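**Student:** Submitted below is the structure of interest, expressed as structure tokens.
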Amino acid sequence: AMGGTVHVTVGGLSGTSLDVDVDGLQAGGGNLPRYTGVDMEGTLNAKVSLKAPGTLIRGQAVDWSQATGTVALDTQGLTIKGGKAAIPMGGGPGMPMDLPRVVLGELKGDLQFEKGLGTVKDLNLKSEDLEGLGTGTVKLGKRLEYSELGLDVRLKFEQAFQQRLGPLALAVNMLPVDRENPGYRGGRLTGMVSSPRFAAKR
């Protein structure tokens, strides 16, 4: 079981409103490790409040690509314990690699959606291993799993963490140094929410 509580409310006659309140969900629970291929631990909290045209009560398809509202999430003690991930090397297809233990720590995200286009108001990650900042957009699909990512990500890796990376250090060193913050390296997260791609920022 994933622990924690998930409260979902769906309603509306002129459109569909979706309110989701996730409190204390365990990242390593349920089918998540099998679905992602990554073994994680930590706690996830989220609040989703979206309104979209179309209503199920009248037999209409709900069009999430036109949704307006907010999505906020935060984590505590988020840690990748192991697993495999496809890491793109030099812009080519992802190479499956064993993941080391990575402490992601506290992730905070805040997105504002207007007619399906979500703008990142705040996206940051902080732990003893790394720090990260994100900007950009998320374009909602008619079905939420088809939503498209367009995020610029800046990451700063602690020295001790880099020494633990093994072959993954090659991928990290391929990321270009950020011009504004030389301590950070830049990447871009694209693709669908269900199958994201991470590549060096051009």
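Following the order of the structure tokens, chains are lettered A, B, ..., residues in each are numbered from 1, and ligands are numbered from 1.
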Write out, as JSON lines, each residue of region 96-133 of chain A that has an atom at most 10 Å from region 40-54 of chain A, together with the closest pair of atoms and their distance in Å to one decimal, counting only C-alpha atoms, rows going by chain and rising number.
**Tutor:**
```
{"residue": "A:Arg101", "atom": "CA", "partner": "A:Met40", "partner_atom": "CA", "distance": 9.3}
{"residue": "A:Val102", "atom": "CA", "partner": "A:Met40", "partner_atom": "CA", "distance": 9.4}
{"residue": "A:Val103", "atom": "CA", "partner": "A:Glu41", "partner_atom": "CA", "distance": 9.6}
{"residue": "A:Leu104", "atom": "CA", "partner": "A:Gly42", "partner_atom": "CA", "distance": 9.3}
{"residue": "A:Gly105", "atom": "CA", "partner": "A:Gly42", "partner_atom": "CA", "distance": 8.2}
{"residue": "A:Glu106", "atom": "CA", "partner": "A:Gly42", "partner_atom": "CA", "distance": 9.4}
{"residue": "A:Leu107", "atom": "CA", "partner": "A:Leu44", "partner_atom": "CA", "distance": 9.1}
{"residue": "A:Lys108", "atom": "CA", "partner": "A:Asn45", "partner_atom": "CA", "distance": 9.7}
{"residue": "A:Gly109", "atom": "CA", "partner": "A:Ala46", "partner_atom": "CA", "distance": 9.1}
{"residue": "A:Asp110", "atom": "CA", "partner": "A:Lys47", "partner_atom": "CA", "distance": 9.6}
{"residue": "A:Leu111", "atom": "CA", "partner": "A:Val48", "partner_atom": "CA", "distance": 9.7}
{"residue": "A:Gln112", "atom": "CA", "partner": "A:Leu50", "partner_atom": "CA", "distance": 9.7}
{"residue": "A:Phe113", "atom": "CA", "partner": "A:Leu50", "partner_atom": "CA", "distance": 8.1}
{"residue": "A:Glu114", "atom": "CA", "partner": "A:Leu50", "partner_atom": "CA", "distance": 9.7}
{"residue": "A:Lys115", "atom": "CA", "partner": "A:Ala52", "partner_atom": "CA", "distance": 8.3}
{"residue": "A:Gly116", "atom": "CA", "partner": "A:Ala52", "partner_atom": "CA", "distance": 8.6}
```
**Student:** For the residues selected in the previous step, produce a file with N, CA and C atoms as a PDB file, in the first residue's frame.
**Tutor:**
```
ATOM      1  N   ARG A 101      22.266   5.325  -5.180  1.00  0.00           N
ATOM      2  CA  ARG A 101      21.387   5.966  -4.192  1.00  0.00           C
ATOM      3  C   ARG A 101      21.510   7.480  -4.349  1.00  0.00           C
ATOM      4  N   VAL A 102      20.375   8.149  -4.521  1.00  0.00           N
ATOM      5  CA  VAL A 102      20.366   9.610  -4.685  1.00  0.00           C
ATOM      6  C   VAL A 102      19.362  10.196  -3.700  1.00  0.00           C
ATOM      7  N   VAL A 103      19.822  11.087  -2.839  1.00  0.00           N
ATOM      8  CA  VAL A 103      18.910  11.783  -1.930  1.00  0.00           C
ATOM      9  C   VAL A 103      18.396  13.027  -2.653  1.00  0.00           C
ATOM     10  N   LEU A 104      17.097  13.015  -3.005  1.00  0.00           N
ATOM     11  CA  LEU A 104      16.490  14.176  -3.671  1.00  0.00           C
ATOM     12  C   LEU A 104      15.954  15.173  -2.651  1.00  0.00           C
ATOM     13  N   GLY A 105      15.583  14.669  -1.472  1.00  0.00           N
ATOM     14  CA  GLY A 105      15.190  15.551  -0.379  1.00  0.00           C
ATOM     15  C   GLY A 105      13.850  16.219  -0.587  1.00  0.00           C
ATOM     16  N   GLU A 106      13.866  17.557  -0.532  1.00  0.00           N
ATOM     17  CA  GLU A 106      12.623  18.322  -0.607  1.00  0.00           C
ATOM     18  C   GLU A 106      12.444  18.897  -2.005  1.00  0.00           C
ATOM     19  N   LEU A 107      11.362  18.473  -2.652  1.00  0.00           N
ATOM     20  CA  LEU A 107      10.989  19.014  -3.957  1.00  0.00           C
ATOM     21  C   LEU A 107       9.739  19.850  -3.755  1.00  0.00           C
ATOM     22  N   LYS A 108       9.761  21.092  -4.248  1.00  0.00           N
ATOM     23  CA  LYS A 108       8.581  21.944  -4.165  1.00  0.00           C
ATOM     24  C   LYS A 108       8.224  22.412  -5.565  1.00  0.00           C
ATOM     25  N   GLY A 109       6.958  22.293  -5.925  1.00  0.00           N
ATOM     26  CA  GLY A 109       6.510  22.718  -7.247  1.00  0.00           C
ATOM     27  C   GLY A 109       5.193  23.451  -7.166  1.00  0.00           C
ATOM     28  N   ASP A 110       5.055  24.481  -7.999  1.00  0.00           N
ATOM     29  CA  ASP A 110       3.828  25.280  -8.035  1.00  0.00           C
ATOM     30  C   ASP A 110       3.583  25.694  -9.482  1.00  0.00           C
ATOM     31  N   LEU A 111       2.498  25.197 -10.079  1.00  0.00           N
ATOM     32  CA  LEU A 111       2.179  25.511 -11.473  1.00  0.00           C
ATOM     33  C   LEU A 111       0.806  26.158 -11.571  1.00  0.00           C
ATOM     34  N   GLN A 112       0.702  27.148 -12.460  1.00  0.00           N
ATOM     35  CA  GLN A 112      -0.560  27.858 -12.714  1.00  0.00           C
ATOM     36  C   GLN A 112      -0.990  27.549 -14.144  1.00  0.00           C
ATOM     37  N   PHE A 113      -2.219  27.045 -14.319  1.00  0.00           N
ATOM     38  CA  PHE A 113      -2.712  26.665 -15.647  1.00  0.00           C
ATOM     39  C   PHE A 113      -3.769  27.639 -16.153  1.00  0.00           C
ATOM     40  N   GLU A 114      -3.636  28.014 -17.426  1.00  0.00           N
ATOM     41  CA  GLU A 114      -4.611  28.885 -18.094  1.00  0.00           C
ATOM     42  C   GLU A 114      -4.886  28.284 -19.462  1.00  0.00           C
ATOM     43  N   LYS A 115      -6.139  27.816 -19.674  1.00  0.00           N
ATOM     44  CA  LYS A 115      -6.525  27.176 -20.945  1.00  0.00           C
ATOM     45  C   LYS A 115      -5.521  26.103 -21.373  1.00  0.00           C
ATOM     46  N   GLY A 116      -5.147  25.275 -20.424  1.00  0.00           N
ATOM     47  CA  GLY A 116      -4.310  24.115 -20.735  1.00  0.00           C
ATOM     48  C   GLY A 116      -2.812  24.336 -20.679  1.00  0.00           C
TER      49      GLY A 116
END
```
**Student:** Please run DSSP on the backbone and report, as an MDAnalysis selection string, all residues within region 33-105 of chain A that come out as strand (DSSP E or B).
**Tutor:** chainID A and resid 38:53 68:88 94:98 102:105
**Student:** If we count only C-alpha atoms, what is near Lys139 (chain A) at a cut-off of 7 Å, once residues fewer than 4 positions away on the same chain are taken out, given as a list in words?
**Tutor:**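 Returned residues: Gly116, Leu117, Gly118, Ser147, Glu148 and Leu149 of chain A.
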**Student:** From a DSSP calculation on the backbone, collect every residue of region 41-187 of chain A in helix (DSSP H, G or I) and output the set as a list in words.
**Tutor:** Leu56, Ile57, Arg58, Trp64, Ser65, Gln66, Leu144, Glu145, Tyr146, Gln159, Ala160, Phe161, Gln162, Gln163, Arg164, Leu168, Ala169, Leu170, Ala171, Val172, Asn173 and Met174 of chain A
**Student:** Can you spit out the residues from that selection as a compact mmCIF listing (two decimals), in the first residue's frame, using N, CA and C atoms?
**Tutor:**
```txt
# COMPACT_ATOMS: atom_id res chain seq x y z
N LEU A 56 -18.96 14.94 -17.64
CA LEU A 56 -19.27 13.51 -17.73
C LEU A 56 -20.75 13.25 -17.48
N ILE A 57 -21.37 14.10 -16.64
CA ILE A 57 -22.78 13.90 -16.29
C ILE A 57 -23.64 13.96 -17.55
N ARG A 58 -23.26 14.83 -18.50
CA ARG A 58 -24.02 14.96 -19.75
C ARG A 58 -23.44 14.09 -20.86
N TRP A 64 -9.21 18.20 -21.01
CA TRP A 64 -8.22 18.73 -20.06
C TRP A 64 -7.23 19.68 -20.74
N SER A 65 -7.15 19.64 -22.09
CA SER A 65 -6.21 20.53 -22.79
C SER A 65 -6.65 21.99 -22.71
N GLN A 66 -7.86 22.24 -22.17
CA GLN A 66 -8.35 23.61 -21.99
C GLN A 66 -8.55 23.95 -20.50
N LEU A 144 -4.80 13.51 -19.51
CA LEU A 144 -3.70 14.08 -18.71
C LEU A 144 -2.37 13.37 -18.94
N GLU A 145 -2.40 12.05 -19.25
CA GLU A 145 -1.12 11.33 -19.45
C GLU A 145 -0.41 11.77 -20.73
N TYR A 146 -1.15 12.48 -21.63
CA TYR A 146 -0.54 12.97 -22.87
C TYR A 146 -0.04 14.41 -22.75
N GLN A 159 30.12 17.44 -4.59
CA GLN A 159 31.32 16.70 -4.99
C GLN A 159 31.29 15.24 -4.54
N ALA A 160 30.93 15.01 -3.28
CA ALA A 160 30.90 13.64 -2.74
C ALA A 160 29.89 12.79 -3.50
N PHE A 161 28.78 13.41 -3.90
CA PHE A 161 27.75 12.70 -4.66
C PHE A 161 28.27 12.31 -6.05
N GLN A 162 29.00 13.22 -6.70
CA GLN A 162 29.54 12.94 -8.03
C GLN A 162 30.49 11.74 -8.00
N GLN A 163 31.23 11.62 -6.90
CA GLN A 163 32.18 10.50 -6.79
C GLN A 163 31.47 9.16 -6.64
N ARG A 164 30.21 9.18 -6.18
CA ARG A 164 29.43 7.94 -6.03
C ARG A 164 28.74 7.53 -7.33
N LEU A 168 27.50 6.98 -14.40
CA LEU A 168 26.57 8.10 -14.57
C LEU A 168 27.28 9.45 -14.57
N ALA A 169 28.47 9.50 -13.98
CA ALA A 169 29.23 10.76 -13.94
C ALA A 169 29.49 11.27 -15.35
N LEU A 170 29.65 10.35 -16.32
CA LEU A 170 29.85 10.76 -17.72
C LEU A 170 28.67 11.58 -18.22
N ALA A 171 27.45 11.09 -17.93
CA ALA A 171 26.24 11.79 -18.36
C ALA A 171 26.15 13.16 -17.69
N VAL A 172 26.48 13.22 -16.40
CA VAL A 172 26.44 14.49 -15.66
C VAL A 172 27.42 15.49 -16.27
N ASN A 173 28.64 15.01 -16.60
CA ASN A 173 29.66 15.91 -17.14
C ASN A 173 29.36 16.37 -18.56
N MET A 174 28.44 15.68 -19.25
CA MET A 174 28.04 16.12 -20.59
C MET A 174 27.07 17.30 -20.53
```
**Student:** Between A:Gly59, A:Gly69, A:Pro96, A:Gly166, which one has atoms that come closest to Leu140 (chain A), using only C-alpha atoms?
**Tutor:**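 So, comparing all the options, the nearest one is A:Gly69.
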**Student:** Distance CA of Gly3 (chain A)-CA of Gly82 (chain A), one decimal place?
**Tutor:**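 One can read the CA of Gly3 (chain A) to CA of Gly82 (chain A) distance as 20.8 Å.
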**Student:** Restricting the calculation to only C-alpha atoms, which member of A:Pro167, A:Gly83, A:Gly4, A:Gly15 is positioned closest to Ala27 (chain A)?
**Tutor:**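 Result for the nearest residue to Ala27 (chain A): A:Gly4.
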**Student:** Determine, counting only C-alpha atoms, which protein, DNA and RNA residues have an atom within 12 Å of an atom of Val38 (chain A); residues of the same chain fewer than 3 positions away are not included. Present the result as a count of residues only.
**Tutor:** 24
**Student:** In terms of the shortest atom-to-atom distance over only C-alpha atoms, which of A:Gln76, A:Thr135, A:Thr119, A:Thr55 is closest to Gly24 (chain A)?
**Tutor:**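 For Gly24 (chain A), the nearest of the candidates is A:Gln76.
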**Student:** Find the distance between CA of Thr5 (chain A) and CA of Gln26 (chain A) and write it in Å to one decimal.
**Tutor:**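 These two atoms are separated by 9.9 Å.
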